[in-house]
Amino acid sequence: MTDKAEERAAEKPPRGPAGGVQSVDRAVTVLEILARHGDVGVTEVAEELGVHKSTAFRLLGVLENRGLVAQEQERGKYYLGAGVLRLAGAAAVRLDISQEGAALCRVLADELGETVNIAVLDHNAAVNIMQARGPASVTAQNWLGRRTPLHATSSGKALLAYQPAPVQDMVLARKLPRLTERTITSAPALREQLAEVVRQGFAVAAEELELGLHAVAAPVRAHDGAVIGAISVSIPVYRLDEERLPEVAERTVEAARELSRRMGYAC
């Protein structure tokens, strides 16, 4: 076997899932190499990976096509691209809103005696990333990390109401599952509710996710005004009547405004 043939045999990834995992591992290692050195040539990347230059070049090409890596045309070296900043920014938003909102959630939960959550948009669902339980909370259910439907939750409505029209249209074009007898499954009816959310500044879900549970949510904004999250208060039906709703809504909106201010938004 020639040297080149041996090289190709050594470089040839295993077929099936193992080959895919190896490629992912190498791609992540490339990003780590660039993060460590700043800018690196193909030869250096190949040496650190322990692969042939052609393999390193293919990996860099794939990452470049996805915007995760960019190339200095004059020197031919590679560096981390804007796509990494975009991914890091999305992660940072989740981390920042969770950290900044933790104390606010605890204060609000103590004041109202109920369960308070912070949720962010994740494609076609809302994901709860922070939770605080008040002294009157009757449920031990953990909502952290749960993906909840946008159309049947107060957080989901608060997030969806401020999304661009194409995003709203995409969600409303799908079948809206009925989770309880109170769930809104009509796209026109949900669209009207979203408009109402924008007008009044908060969203309400009345036994739409679970029977016996009401929730109120208000949007949280980033420094540029974009809605990046929602603070919600979940309350058993028997503790949220028409008289108490304005108070809960007002306190939820106030907490969301304060968190928006901490995220850099000039309220």
# chains A, B, ... in the order shown; residues from 1 in each chain; ligands from 1
call {"tool": "residues_around", "arguments": {"residues": "segment 55-65 of chain A", "least_positions_apart": "5", "cutoff": "7 Å", "atoms": "only C-alpha atoms", "output": "JSON list (two decimals) with C-alpha atoms, in the first residue's frame"}}
result
[["chain", "number", "residue", "atom", "x", "y", "z"],
["A", 27, "ALA", "CA", -15.61, 20.04, 13.96],
["A", 42, "VAL", "CA", -5.08, 24.54, 7.47],
["A", 45, "VAL", "CA", -5.45, 22.63, 12.20],
["A", 46, "ALA", "CA", -4.54, 19.32, 10.56],
["A", 70, "ALA", "CA", -14.31, 32.78, 8.26]]
call {"tool": "residues_around", "arguments": {"residues": "Thr252 of chain A", "least_positions_apart": "3", "cutoff": "10 Å", "atoms": "only C-alpha atoms", "output": "PDB file with N, CA, C and O atoms, in the first residue's frame"}}
result
ATOM      1  N   CYS A 105     -37.902  37.082  40.421  1.00  0.00           N
ATOM      2  CA  CYS A 105     -38.871  35.991  40.496  1.00  0.00           C
ATOM      3  C   CYS A 105     -39.166  35.628  41.949  1.00  0.00           C
ATOM      4  O   CYS A 105     -40.325  35.410  42.316  1.00  0.00           O
ATOM      5  N   LEU A 108     -41.327  38.395  43.538  1.00  0.00           N
ATOM      6  CA  LEU A 108     -42.700  38.344  43.034  1.00  0.00           C
ATOM      7  C   LEU A 108     -43.439  37.132  43.587  1.00  0.00           C
ATOM      8  O   LEU A 108     -44.617  37.221  43.959  1.00  0.00           O
ATOM      9  N   LEU A 112     -46.840  37.550  45.880  1.00  0.00           N
ATOM     10  CA  LEU A 112     -48.126  37.023  45.434  1.00  0.00           C
ATOM     11  C   LEU A 112     -48.431  35.657  46.034  1.00  0.00           C
ATOM     12  O   LEU A 112     -49.582  35.207  46.007  1.00  0.00           O
ATOM     13  N   VAL A 116     -43.807  31.535  40.056  1.00  0.00           N
ATOM     14  CA  VAL A 116     -43.380  32.481  39.023  1.00  0.00           C
ATOM     15  C   VAL A 116     -42.353  31.805  38.125  1.00  0.00           C
ATOM     16  O   VAL A 116     -41.448  31.109  38.614  1.00  0.00           O
ATOM     17  N   PHE A 202     -50.057  42.442  28.656  1.00  0.00           N
ATOM     18  CA  PHE A 202     -49.905  41.157  29.345  1.00  0.00           C
ATOM     19  C   PHE A 202     -50.832  40.125  28.712  1.00  0.00           C
ATOM     20  O   PHE A 202     -51.775  40.470  28.001  1.00  0.00           O
ATOM     21  N   VAL A 216     -50.811  34.385  34.239  1.00  0.00           N
ATOM     22  CA  VAL A 216     -50.674  35.731  33.673  1.00  0.00           C
ATOM     23  C   VAL A 216     -49.205  35.928  33.331  1.00  0.00           C
ATOM     24  O   VAL A 216     -48.325  35.533  34.118  1.00  0.00           O
ATOM     25  N   ALA A 217     -48.906  36.525  32.176  1.00  0.00           N
ATOM     26  CA  ALA A 217     -47.513  36.731  31.771  1.00  0.00           C
ATOM     27  C   ALA A 217     -47.340  38.091  31.115  1.00  0.00           C
ATOM     28  O   ALA A 217     -48.273  38.637  30.516  1.00  0.00           O
ATOM     29  N   ALA A 218     -46.130  38.633  31.235  1.00  0.00           N
ATOM     30  CA  ALA A 218     -45.785  39.907  30.615  1.00  0.00           C
ATOM     31  C   ALA A 218     -44.440  39.769  29.917  1.00  0.00           C
ATOM     32  O   ALA A 218     -43.571  39.008  30.366  1.00  0.00           O
ATOM     33  N   PRO A 219     -44.242  40.486  28.814  1.00  0.00           N
ATOM     34  CA  PRO A 219     -43.020  40.343  28.021  1.00  0.00           C
ATOM     35  C   PRO A 219     -41.813  41.034  28.644  1.00  0.00           C
ATOM     36  O   PRO A 219     -41.934  42.068  29.301  1.00  0.00           O
ATOM     37  N   ALA A 230     -40.469  36.104  28.883  1.00  0.00           N
ATOM     38  CA  ALA A 230     -41.734  36.450  29.527  1.00  0.00           C
ATOM     39  C   ALA A 230     -41.707  35.978  30.975  1.00  0.00           C
ATOM     40  O   ALA A 230     -41.187  34.896  31.272  1.00  0.00           O
ATOM     41  N   ILE A 231     -42.228  36.808  31.856  1.00  0.00           N
ATOM     42  CA  ILE A 231     -42.413  36.429  33.248  1.00  0.00           C
ATOM     43  C   ILE A 231     -43.873  36.045  33.434  1.00  0.00           C
ATOM     44  O   ILE A 231     -44.763  36.795  33.011  1.00  0.00           O
ATOM     45  N   SER A 232     -44.108  34.904  34.046  1.00  0.00           N
ATOM     46  CA  SER A 232     -45.485  34.460  34.243  1.00  0.00           C
ATOM     47  C   SER A 232     -45.737  34.097  35.702  1.00  0.00           C
ATOM     48  O   SER A 232     -44.820  33.712  36.433  1.00  0.00           O
ATOM     49  N   VAL A 233     -46.988  34.223  36.112  1.00  0.00           N
ATOM     50  CA  VAL A 233     -47.442  33.825  37.444  1.00  0.00           C
ATOM     51  C   VAL A 233     -48.553  32.798  37.263  1.00  0.00           C
ATOM     52  O   VAL A 233     -49.548  33.079  36.582  1.00  0.00           O
ATOM     53  N   PRO A 246     -56.446  42.148  38.088  1.00  0.00           N
ATOM     54  CA  PRO A 246     -55.718  43.396  37.817  1.00  0.00           C
ATOM     55  C   PRO A 246     -54.462  43.556  38.671  1.00  0.00           C
ATOM     56  O   PRO A 246     -53.435  44.027  38.187  1.00  0.00           O
ATOM     57  N   GLU A 247     -54.549  43.154  39.940  1.00  0.00           N
ATOM     58  CA  GLU A 247     -53.385  43.260  40.824  1.00  0.00           C
ATOM     59  C   GLU A 247     -52.260  42.363  40.350  1.00  0.00           C
ATOM     60  O   GLU A 247     -51.083  42.777  40.275  1.00  0.00           O
ATOM     61  N   VAL A 248     -52.589  41.102  40.035  1.00  0.00           N
ATOM     62  CA  VAL A 248     -51.574  40.153  39.575  1.00  0.00           C
ATOM     63  C   VAL A 248     -50.968  40.619  38.260  1.00  0.00           C
ATOM     64  O   VAL A 248     -49.741  40.581  38.071  1.00  0.00           O
ATOM     65  N   ALA A 249     -51.823  41.100  37.342  1.00  0.00           N
ATOM     66  CA  ALA A 249     -51.329  41.572  36.053  1.00  0.00           C
ATOM     67  C   ALA A 249     -50.404  42.769  36.236  1.00  0.00           C
ATOM     68  O   ALA A 249     -49.334  42.853  35.608  1.00  0.00           O
ATOM     69  N   ALA A 255     -42.742  43.653  37.197  1.00  0.00           N
ATOM     70  CA  ALA A 255     -41.560  42.792  37.284  1.00  0.00           C
ATOM     71  C   ALA A 255     -40.909  42.633  35.907  1.00  0.00           C
ATOM     72  O   ALA A 255     -39.673  42.652  35.790  1.00  0.00           O
ATOM     73  N   ALA A 256     -41.725  42.477  34.871  1.00  0.00           N
ATOM     74  CA  ALA A 256     -41.189  42.341  33.516  1.00  0.00           C
ATOM     75  C   ALA A 256     -40.488  43.625  33.074  1.00  0.00           C
ATOM     76  O   ALA A 256     -39.441  43.573  32.411  1.00  0.00           O
ATOM     77  N   ARG A 257     -41.041  44.761  33.443  1.00  0.00           N
ATOM     78  CA  ARG A 257     -40.404  46.032  33.101  1.00  0.00           C
ATOM     79  C   ARG A 257     -39.071  46.189  33.819  1.00  0.00           C
ATOM     80  O   ARG A 257     -38.079  46.664  33.240  1.00  0.00           O
ATOM     81  N   GLU A 258     -39.027  45.780  35.083  1.00  0.00           N
ATOM     82  CA  GLU A 258     -37.786  45.880  35.836  1.00  0.00           C
ATOM     83  C   GLU A 258     -36.717  44.963  35.248  1.00  0.00           C
ATOM     84  O   GLU A 258     -35.542  45.340  35.117  1.00  0.00           O
TER      85      GLU A 258
END
call {"tool": "select_by_dssp", "arguments": {"residues": "segment 24-185 of chain A", "states": "helix (DSSP H, G or I)", "output": "PyMOL selection string"}}
result
chain A and resi 24-37+42-49+53-65+82-112+150-152+154-160+165-173
call {"tool": "residues_around", "arguments": {"residues": "Gly41 of chain A", "least_positions_apart": "3", "cutoff": "9 Å", "atoms": "only C-alpha atoms", "output": "PyMOL selection string"}}
result
chain A and resi 44-46+75-78
call {"tool": "write_last_selection", "arguments": {"atoms": "N, CA and C atoms", "output": "compact mmCIF listing (two decimals), in the first residue's frame"}}
result
# COMPACT_ATOMS: atom_id res chain seq x y z
N GLU A 44 -1.84 23.90 10.42
CA GLU A 44 -1.86 23.85 11.88
C GLU A 44 -3.07 23.10 12.42
N VAL A 45 -4.23 23.33 11.78
CA VAL A 45 -5.45 22.63 12.20
C VAL A 45 -5.28 21.13 12.00
N ALA A 46 -4.74 20.74 10.86
CA ALA A 46 -4.54 19.32 10.56
C ALA A 46 -3.60 18.68 11.58
N ARG A 75 -4.09 36.08 3.82
CA ARG A 75 -3.15 35.15 4.45
C ARG A 75 -3.63 33.71 4.42
N GLY A 76 -4.92 33.52 4.10
CA GLY A 76 -5.45 32.17 4.00
C GLY A 76 -5.71 31.50 5.32
N LYS A 77 -5.61 32.26 6.42
CA LYS A 77 -5.87 31.66 7.72
C LYS A 77 -7.35 31.78 8.09
N TYR A 78 -7.75 30.93 9.02
CA TYR A 78 -9.15 30.88 9.43
C TYR A 78 -9.31 31.42 10.85
call {"tool": "residues_around", "arguments": {"residues": "Ala102 of chain A", "least_positions_apart": "2", "cutoff": "9 Å", "atoms": "only C-alpha atoms", "output": "PyMOL selection string"}}
result
chain A and resi 97-100+104-107+118+130-132
call {"tool": "write_last_selection", "arguments": {"atoms": "C-alpha atoms", "output": "PDB file, in the first residue's frame"}}
result
ATOM      1  CA  ILE A  97     -32.198  36.792  31.687  1.00  0.00           C
ATOM      2  CA  SER A  98     -32.092  33.834  34.066  1.00  0.00           C
ATOM      3  CA  GLN A  99     -29.437  35.377  36.295  1.00  0.00           C
ATOM      4  CA  GLU A 100     -30.919  38.863  36.280  1.00  0.00           C
ATOM      5  CA  LEU A 104     -37.108  39.330  40.813  1.00  0.00           C
ATOM      6  CA  CYS A 105     -38.871  35.991  40.496  1.00  0.00           C
ATOM      7  CA  ARG A 106     -38.328  35.206  44.163  1.00  0.00           C
ATOM      8  CA  VAL A 107     -39.617  38.616  45.254  1.00  0.00           C
ATOM      9  CA  ILE A 118     -39.362  33.011  33.225  1.00  0.00           C
ATOM     10  CA  MET A 130     -36.273  30.011  35.861  1.00  0.00           C
ATOM     11  CA  GLN A 131     -38.830  29.185  38.549  1.00  0.00           C
ATOM     12  CA  ALA A 132     -39.634  30.447  42.043  1.00  0.00           C
TER      13      ALA A 132
END
call {"tool": "select_by_dssp", "arguments": {"residues": "segment 107-250 of chain A", "states": "strand (DSSP E)", "output": "ChimeraX atom specification"}}
result
/A:115-122,125-132,147-149,203-206,213-221,227-236
